[in-house]
Amino acid sequence: MIYLMLANGFEEIEAVTVVDLLRRADIQIKTASIMDEKLVYGAHGMALEADIMFKEIDFTTCTMAVLPGGMPGTMNLCNYKPLAEELLELRRKNKPVAAICAAPMVLGRLGILKGKRATIYDGMEDELAGADIIKKQNVVIDGDVITSRGPGTAIEFALAIIGFLKGPDKASEIRSDILYR
């Protein structure tokens with residue numbers, strides 16, 4: 001099961017696009033609220049009801065964690081200690097992680113990006129501690145860590161996750177289905 005973490009202030013395009021495209025690709029993904037309730041509010045006022053609460057996640061079945069960006073959503077993710085602990089545990093078990101927009105900051109602050117190629121929202125490169133920063137590539141995959149630059153790269157990011165999990169043919173199929181060029 002893939003879990004996409006939601007915190008108040010998340011970037012709506014990034015969260016919804018990833019969930020939508022992964023489900024089209026028959027990839028099991030659930031949204032998980034790190035807030036005190038399932039209803040989470042995006043950076044632009046959209047309310048989204050998470051599938052589950054963070055504390056309900058069975059991390060033994062977690063195959064990937066996905067972090068959407070947005071502000072203050074990214075800061076809320078950064079400041080949520082249980083998420084930090086689980087992300088570090090996932091990495092110890094060599095489980096993949098993916099983050100878009102400002103959210104690679106979460107991975108950077110945890111040291112997950114040390115020695116990895118990564119990207120982030122323009123102007124936030126200092127948050128990628130120890131990473132080999134790739135500034136002008138929309139999506140960067142380094143092993144089992146996927147990062148992306150921002151809202152305008154959400155489809156590419158989701159397709160990269162699909163390609164990583166199900167192969168390039170499935171990503172191409174979804175790309176074609178949604179008429180994305």
# chains A, B, ... in the order shown; residues from 1 in each chain; ligands from 1
>>> closest_atom_pairs(of="range 105-163 of chain A", to="range 4-11 of chain A", cutoff="12 Å", atoms="only C-alpha atoms", output="Markdown table")
| residue | atom | partner | partner_atom | distance |
| --- | --- | --- | --- | --- |
| A:Val106 | CA | A:Met5 | CA | 11.8 |
| A:Gly150 | CA | A:Glu11 | CA | 9.0 |
| A:Pro151 | CA | A:Glu11 | CA | 7.4 |
| A:Gly152 | CA | A:Glu11 | CA | 11.1 |
| A:Ala154 | CA | A:Glu11 | CA | 10.1 |
| A:Ala158 | CA | A:Leu4 | CA | 11.7 |
>>> select_by_dssp(residues="chain A", states="strand (DSSP E)", output="JSON, numbers by chain")
{"A": [2, 3, 4, 5, 6, 29, 30, 31, 32, 33, 39, 40, 41, 47, 48, 49, 52, 53, 64, 65, 66, 67, 97, 98, 99, 100, 117, 118, 132, 133, 139, 140, 141, 142, 145, 146, 147, 148]}
>>> residues_around(residues="range 159-172 of chain A", least_positions_apart="5", cutoff="12 Å", atoms="only C-alpha atoms", output="compact mmCIF listing (two decimals) with all heavy atoms, in the first residue's frame")
# COMPACT_ATOMS: atom_id res chain seq x y z
N MET A 1 0.84 -1.18 0.00
CA MET A 1 0.00 0.00 0.00
C MET A 1 0.89 1.25 0.00
O MET A 1 1.85 1.32 0.75
CB MET A 1 -0.90 0.00 1.24
CG MET A 1 -1.81 1.21 1.36
SD MET A 1 -3.07 1.37 0.11
CE MET A 1 -4.07 -0.07 0.45
N ILE A 2 0.53 2.19 -0.83
CA ILE A 2 1.22 3.48 -0.85
C ILE A 2 0.38 4.44 -0.01
O ILE A 2 -0.85 4.43 -0.07
CB ILE A 2 1.35 4.00 -2.29
CG1 ILE A 2 2.26 3.05 -3.06
CG2 ILE A 2 1.91 5.42 -2.32
CD1 ILE A 2 2.32 3.35 -4.52
N THR A 17 -3.62 14.87 -8.03
CA THR A 17 -3.08 14.30 -9.27
C THR A 17 -2.41 12.96 -9.01
O THR A 17 -2.64 11.98 -9.75
CB THR A 17 -2.08 15.28 -9.93
OG1 THR A 17 -2.77 16.49 -10.25
CG2 THR A 17 -1.49 14.69 -11.20
N VAL A 18 -1.60 12.88 -7.99
CA VAL A 18 -0.91 11.62 -7.68
C VAL A 18 -1.91 10.53 -7.35
O VAL A 18 -1.85 9.42 -7.90
CB VAL A 18 0.12 11.80 -6.55
CG1 VAL A 18 0.65 10.45 -6.06
CG2 VAL A 18 1.27 12.69 -7.00
N VAL A 19 -2.86 10.82 -6.48
CA VAL A 19 -3.84 9.81 -6.10
C VAL A 19 -4.65 9.36 -7.32
O VAL A 19 -4.82 8.16 -7.57
CB VAL A 19 -4.77 10.33 -4.97
CG1 VAL A 19 -5.90 9.35 -4.70
CG2 VAL A 19 -3.96 10.58 -3.70
N ASP A 20 -5.13 10.31 -8.09
CA ASP A 20 -5.94 10.00 -9.27
C ASP A 20 -5.19 9.11 -10.25
O ASP A 20 -5.68 8.06 -10.67
CB ASP A 20 -6.38 11.30 -9.94
CG ASP A 20 -7.23 11.05 -11.17
OD1 ASP A 20 -6.67 10.72 -12.24
OD2 ASP A 20 -8.47 11.18 -11.08
N LEU A 21 -3.98 9.51 -10.64
CA LEU A 21 -3.25 8.76 -11.66
C LEU A 21 -2.80 7.39 -11.16
O LEU A 21 -2.83 6.41 -11.92
CB LEU A 21 -2.07 9.57 -12.19
CG LEU A 21 -2.45 10.83 -12.97
CD1 LEU A 21 -1.23 11.49 -13.57
CD2 LEU A 21 -3.49 10.55 -14.03
N LEU A 22 -2.39 7.29 -9.90
CA LEU A 22 -2.01 5.98 -9.38
C LEU A 22 -3.21 5.04 -9.33
O LEU A 22 -3.08 3.86 -9.67
CB LEU A 22 -1.34 6.10 -8.01
CG LEU A 22 0.19 6.23 -8.07
CD1 LEU A 22 0.66 7.47 -8.79
CD2 LEU A 22 0.80 6.11 -6.70
N ARG A 23 -4.35 5.55 -8.96
CA ARG A 23 -5.55 4.69 -8.95
C ARG A 23 -5.93 4.27 -10.36
O ARG A 23 -6.36 3.14 -10.58
CB ARG A 23 -6.69 5.39 -8.22
CG ARG A 23 -6.46 5.43 -6.72
CD ARG A 23 -7.56 6.06 -5.94
NE ARG A 23 -7.25 6.01 -4.51
CZ ARG A 23 -7.92 6.65 -3.58
NH1 ARG A 23 -8.98 7.39 -3.91
NH2 ARG A 23 -7.56 6.56 -2.31
N ARG A 24 -5.76 5.14 -11.34
CA ARG A 24 -6.00 4.76 -12.75
C ARG A 24 -5.07 3.64 -13.17
O ARG A 24 -5.42 2.83 -14.03
CB ARG A 24 -5.78 5.97 -13.67
CG ARG A 24 -6.84 7.03 -13.59
CD ARG A 24 -6.42 8.25 -14.42
NE ARG A 24 -7.27 9.38 -14.15
CZ ARG A 24 -8.15 9.88 -15.02
NH1 ARG A 24 -8.28 9.34 -16.22
NH2 ARG A 24 -8.88 10.91 -14.69
N ALA A 25 -3.89 3.59 -12.59
CA ALA A 25 -2.90 2.56 -12.90
C ALA A 25 -3.07 1.32 -12.03
O ALA A 25 -2.22 0.43 -12.04
CB ALA A 25 -1.49 3.13 -12.73
N ASP A 26 -4.18 1.25 -11.29
CA ASP A 26 -4.47 0.12 -10.40
C ASP A 26 -3.41 -0.08 -9.33
O ASP A 26 -3.05 -1.21 -8.98
CB ASP A 26 -4.67 -1.18 -11.21
CG ASP A 26 -5.87 -1.10 -12.13
OD1 ASP A 26 -6.92 -0.58 -11.70
OD2 ASP A 26 -5.76 -1.54 -13.29
N ILE A 27 -2.90 1.04 -8.83
CA ILE A 27 -1.94 1.01 -7.73
C ILE A 27 -2.69 1.41 -6.47
O ILE A 27 -3.37 2.44 -6.44
CB ILE A 27 -0.76 1.98 -7.99
CG1 ILE A 27 0.03 1.51 -9.21
CG2 ILE A 27 0.13 2.08 -6.76
CD1 ILE A 27 1.08 2.49 -9.69
N GLN A 28 -2.57 0.60 -5.44
CA GLN A 28 -3.28 0.89 -4.19
C GLN A 28 -2.60 2.05 -3.47
O GLN A 28 -1.43 1.98 -3.12
CB GLN A 28 -3.30 -0.33 -3.28
CG GLN A 28 -4.18 -1.43 -3.78
CD GLN A 28 -4.31 -2.54 -2.74
OE1 GLN A 28 -3.44 -2.73 -1.89
NE2 GLN A 28 -5.40 -3.27 -2.81
N ILE A 29 -3.37 3.11 -3.28
CA ILE A 29 -2.87 4.30 -2.58
C ILE A 29 -3.97 4.83 -1.68
O ILE A 29 -5.14 4.84 -2.06
CB ILE A 29 -2.38 5.38 -3.57
CG1 ILE A 29 -1.82 6.59 -2.80
CG2 ILE A 29 -3.45 5.76 -4.58
CD1 ILE A 29 -1.06 7.60 -3.67
N THR A 63 4.44 0.28 0.97
CA THR A 63 5.42 0.05 -0.09
C THR A 63 6.07 1.36 -0.55
O THR A 63 7.11 1.33 -1.19
CB THR A 63 4.78 -0.64 -1.31
OG1 THR A 63 3.65 0.11 -1.74
CG2 THR A 63 4.35 -2.06 -0.95
N MET A 64 5.45 2.49 -0.23
CA MET A 64 6.02 3.80 -0.57
C MET A 64 5.27 4.88 0.19
O MET A 64 4.06 4.77 0.40
CB MET A 64 5.90 4.07 -2.08
CG MET A 64 6.37 5.46 -2.51
SD MET A 64 6.10 5.80 -4.27
CE MET A 64 7.67 5.25 -4.92
N ALA A 65 6.00 5.92 0.58
CA ALA A 65 5.38 7.11 1.16
C ALA A 65 5.54 8.25 0.16
O ALA A 65 6.61 8.42 -0.43
CB ALA A 65 6.04 7.48 2.48
N VAL A 66 4.45 9.02 -0.03
CA VAL A 66 4.47 10.15 -0.96
C VAL A 66 4.11 11.40 -0.18
O VAL A 66 3.14 11.42 0.59
CB VAL A 66 3.47 9.94 -2.12
CG1 VAL A 66 3.49 11.12 -3.07
CG2 VAL A 66 3.77 8.64 -2.86
N LYS A 95 12.68 1.11 1.57
CA LYS A 95 11.39 1.37 0.93
C LYS A 95 11.47 2.72 0.23
O LYS A 95 12.08 3.67 0.75
CB LYS A 95 10.27 1.40 1.97
CG LYS A 95 10.11 0.13 2.75
CD LYS A 95 9.32 -0.89 1.99
CE LYS A 95 9.15 -2.14 2.84
NZ LYS A 95 7.93 -2.83 2.57
N PRO A 96 10.85 2.86 -0.94
CA PRO A 96 10.93 4.12 -1.68
C PRO A 96 10.10 5.24 -1.06
O PRO A 96 9.11 4.99 -0.37
CB PRO A 96 10.39 3.74 -3.06
CG PRO A 96 9.59 2.50 -2.86
CD PRO A 96 10.15 1.80 -1.66
N VAL A 97 10.57 6.45 -1.31
CA VAL A 97 9.85 7.65 -0.90
C VAL A 97 9.80 8.61 -2.08
O VAL A 97 10.69 8.59 -2.94
CB VAL A 97 10.49 8.35 0.32
CG1 VAL A 97 10.37 7.49 1.57
CG2 VAL A 97 11.94 8.71 0.05
N ALA A 98 8.77 9.43 -2.12
CA ALA A 98 8.62 10.41 -3.19
C ALA A 98 8.10 11.71 -2.59
O ALA A 98 7.26 11.69 -1.70
CB ALA A 98 7.65 9.88 -4.25
N ALA A 99 8.62 12.84 -3.10
CA ALA A 99 8.22 14.14 -2.58
C ALA A 99 8.26 15.16 -3.72
O ALA A 99 9.15 15.11 -4.56
CB ALA A 99 9.13 14.58 -1.44
N ILE A 100 7.31 16.08 -3.69
CA ILE A 100 7.20 17.07 -4.75
C ILE A 100 7.11 18.47 -4.16
O ILE A 100 6.66 18.66 -3.04
CB ILE A 100 5.96 16.76 -5.64
CG1 ILE A 100 5.84 17.75 -6.82
CG2 ILE A 100 4.69 16.69 -4.83
CD1 ILE A 100 4.80 17.37 -7.85
N ASN A 138 12.37 18.34 -14.17
CA ASN A 138 11.08 18.32 -13.48
C ASN A 138 10.94 17.20 -12.47
O ASN A 138 10.33 17.39 -11.41
CB ASN A 138 9.94 18.26 -14.49
CG ASN A 138 9.75 19.56 -15.21
OD1 ASN A 138 10.23 20.61 -14.79
ND2 ASN A 138 9.03 19.51 -16.32
N VAL A 139 11.47 16.03 -12.80
CA VAL A 139 11.40 14.88 -11.90
C VAL A 139 12.79 14.24 -11.87
O VAL A 139 13.41 14.06 -12.92
CB VAL A 139 10.37 13.84 -12.38
CG1 VAL A 139 10.36 12.62 -11.46
CG2 VAL A 139 8.98 14.45 -12.46
N VAL A 140 13.25 13.94 -10.67
CA VAL A 140 14.55 13.29 -10.52
C VAL A 140 14.33 11.98 -9.76
O VAL A 140 13.75 11.98 -8.68
CB VAL A 140 15.56 14.19 -9.76
CG1 VAL A 140 16.85 13.45 -9.50
CG2 VAL A 140 15.80 15.48 -10.53
N ILE A 141 14.80 10.90 -10.36
CA ILE A 141 14.74 9.58 -9.71
C ILE A 141 16.17 9.15 -9.44
O ILE A 141 16.98 9.08 -10.36
CB ILE A 141 14.04 8.54 -10.61
CG1 ILE A 141 12.62 8.99 -10.95
CG2 ILE A 141 14.03 7.18 -9.91
CD1 ILE A 141 11.92 8.10 -11.96
N ASP A 142 16.47 8.91 -8.18
CA ASP A 142 17.78 8.39 -7.81
C ASP A 142 17.55 7.16 -6.95
O ASP A 142 17.19 7.25 -5.77
CB ASP A 142 18.60 9.43 -7.04
CG ASP A 142 20.05 8.99 -6.84
OD1 ASP A 142 20.32 7.77 -6.86
OD2 ASP A 142 20.91 9.86 -6.66
N GLY A 143 17.70 6.00 -7.59
CA GLY A 143 17.42 4.75 -6.89
C GLY A 143 15.95 4.68 -6.55
O GLY A 143 15.10 4.69 -7.42
N ASP A 144 15.66 4.67 -5.25
CA ASP A 144 14.27 4.56 -4.81
C ASP A 144 13.78 5.85 -4.14
O ASP A 144 12.90 5.82 -3.29
CB ASP A 144 14.10 3.36 -3.89
CG ASP A 144 15.12 3.32 -2.77
OD1 ASP A 144 15.85 4.31 -2.58
OD2 ASP A 144 15.18 2.30 -2.06
N VAL A 145 14.36 6.97 -4.55
CA VAL A 145 13.92 8.28 -4.09
C VAL A 145 13.52 9.11 -5.31
O VAL A 145 14.31 9.26 -6.23
CB VAL A 145 15.02 9.01 -3.28
CG1 VAL A 145 14.57 10.41 -2.89
CG2 VAL A 145 15.39 8.20 -2.03
N ILE A 146 12.28 9.59 -5.29
CA ILE A 146 11.75 10.37 -6.41
C ILE A 146 11.40 11.76 -5.89
O ILE A 146 10.68 11.89 -4.90
CB ILE A 146 10.50 9.71 -7.01
CG1 ILE A 146 10.81 8.29 -7.47
CG2 ILE A 146 9.93 10.55 -8.16
CD1 ILE A 146 9.58 7.47 -7.86
N THR A 147 11.92 12.80 -6.57
CA THR A 147 11.59 14.17 -6.19
C THR A 147 11.13 14.92 -7.44
O THR A 147 11.47 14.56 -8.56
CB THR A 147 12.80 14.90 -5.56
OG1 THR A 147 13.93 14.82 -6.43
CG2 THR A 147 13.15 14.30 -4.19
N SER A 148 10.36 15.98 -7.21
CA SER A 148 9.84 16.77 -8.31
C SER A 148 9.71 18.22 -7.88
O SER A 148 9.74 18.53 -6.68
CB SER A 148 8.49 16.21 -8.76
OG SER A 148 8.05 16.81 -9.96
N THR A 153 4.50 20.18 -12.32
CA THR A 153 5.16 18.91 -12.64
C THR A 153 4.42 17.72 -12.02
O THR A 153 4.94 16.60 -12.04
CB THR A 153 6.63 18.92 -12.17
OG1 THR A 153 6.68 18.94 -10.74
CG2 THR A 153 7.39 20.12 -12.74
N ALA A 154 3.23 17.94 -11.51
CA ALA A 154 2.50 16.89 -10.78
C ALA A 154 2.17 15.68 -11.65
O ALA A 154 2.28 14.54 -11.20
CB ALA A 154 1.23 17.46 -10.15
N ASP A 177 -3.83 7.61 -21.97
CA ASP A 177 -5.22 7.66 -21.53
C ASP A 177 -5.66 9.08 -21.15
O ASP A 177 -6.81 9.46 -21.39
CB ASP A 177 -5.47 6.73 -20.34
CG ASP A 177 -5.48 5.26 -20.72
OD1 ASP A 177 -5.46 4.94 -21.92
OD2 ASP A 177 -5.48 4.43 -19.77
N ILE A 178 -4.75 9.83 -20.54
CA ILE A 178 -5.13 11.19 -20.10
C ILE A 178 -4.75 12.26 -21.12
O ILE A 178 -4.90 13.45 -20.86
CB ILE A 178 -4.54 11.53 -18.71
CG1 ILE A 178 -3.01 11.59 -18.76
CG2 ILE A 178 -5.05 10.56 -17.65
CD1 ILE A 178 -2.38 12.19 -17.51
N LEU A 179 -4.25 11.81 -22.28
CA LEU A 179 -3.88 12.71 -23.38
C LEU A 179 -2.78 13.68 -22.98
O LEU A 179 -2.77 14.84 -23.38
CB LEU A 179 -5.10 13.48 -23.91
CG LEU A 179 -6.29 12.63 -24.35
CD1 LEU A 179 -7.44 13.52 -24.80
CD2 LEU A 179 -5.90 11.63 -25.42
N TYR A 180 -1.85 13.19 -22.19
CA TYR A 180 -0.73 14.02 -21.74
C TYR A 180 0.45 13.84 -22.70
O TYR A 180 0.85 12.73 -22.99
CB TYR A 180 -0.30 13.62 -20.32
CG TYR A 180 0.80 14.47 -19.75
CD1 TYR A 180 0.56 15.79 -19.37
CD2 TYR A 180 2.07 13.95 -19.58
CE1 TYR A 180 1.58 16.57 -18.84
CE2 TYR A 180 3.09 14.73 -19.05
CZ TYR A 180 2.83 16.03 -18.69
OH TYR A 180 3.84 16.81 -18.16
N ARG A 181 0.96 14.93 -23.20
CA ARG A 181 2.06 14.85 -24.17
C ARG A 181 3.34 15.30 -23.56
O ARG A 181 3.48 16.19 -22.85
CB ARG A 181 1.75 15.71 -25.38
CG ARG A 181 0.38 15.40 -25.94
CD ARG A 181 0.43 15.07 -27.41
NE ARG A 181 -0.88 14.82 -27.96
CZ ARG A 181 -1.49 13.65 -27.90
NH1 ARG A 181 -0.95 12.64 -27.31
NH2 ARG A 181 -2.67 13.48 -28.45
>>> closest_residue(among="A:Met105, A:Ile134, A:Leu90, A:Met53", to="Pro68 in chain A", atoms="only C-alpha atoms")
A:Met105
>>> atom_distance(atom1="CA of Ala43 in chain A", atom2="CA of Asn76 in chain A")
11.8 Å
>>> atom_distance(atom1="CA of Lys81 in chain A", atom2="CA of Leu110 in chain A")
10.8 Å
>>> atom_distance(atom1="CA of Asp58 in chain A", atom2="CA of Leu77 in chain A")
18.5 Å
>>> select_by_dssp(residues="range 33-128 of chain A", states="helix (DSSP H, G or I)", output="short mmCIF file (atom, residue, chain, number, x, y, z; two decimals) with C-alpha atoms, in the first residue's frame")
data_model
loop_
_atom_site.label_atom_id
_atom_site.label_comp_id
_atom_site.auth_asym_id
_atom_site.auth_seq_id
_atom_site.Cartn_x
_atom_site.Cartn_y
_atom_site.Cartn_z
CA PHE A 54 -1.83 8.63 10.15
CA LYS A 55 -2.03 6.57 13.34
CA GLU A 56 -4.10 3.95 11.43
CA PHE A 59 3.63 0.58 8.01
CA THR A 60 4.44 -3.12 7.64
CA THR A 61 2.34 -3.01 4.45
CA GLY A 73 1.61 21.85 4.48
CA THR A 74 5.28 21.05 4.05
CA MET A 75 6.14 22.71 7.35
CA ASN A 76 3.37 20.72 9.03
CA LEU A 77 4.89 17.53 7.59
CA CYS A 78 8.36 18.61 8.75
CA LYS A 81 7.67 13.75 14.59
CA PRO A 82 5.79 10.44 14.04
CA LEU A 83 6.09 10.98 10.28
CA ALA A 84 9.82 11.67 10.56
CA GLU A 85 10.30 8.47 12.55
CA GLU A 86 8.36 6.38 10.03
CA LEU A 87 10.13 7.90 7.01
CA LEU A 88 13.50 7.07 8.55
CA GLU A 89 12.32 3.53 9.30
CA LEU A 90 11.05 3.11 5.72
CA ARG A 91 14.46 4.18 4.42
CA ARG A 92 16.24 1.76 6.79
CA PRO A 104 11.69 17.27 -0.58
CA MET A 105 12.64 19.59 2.31
CA VAL A 106 11.21 16.96 4.67
CA LEU A 107 13.54 14.35 3.21
CA GLY A 108 16.47 16.77 3.19
CA ARG A 109 16.06 17.67 6.84
CA GLU A 125 17.64 24.25 -2.92
CA ASP A 126 19.32 24.97 0.44
CA GLU A 127 16.81 22.57 2.02
#
>>> closest_residue(among="A:Asp122, A:Asp51, A:Glu156, A:Asp132", to="Lys30 in chain A", atoms="only C-alpha atoms")
A:Asp51
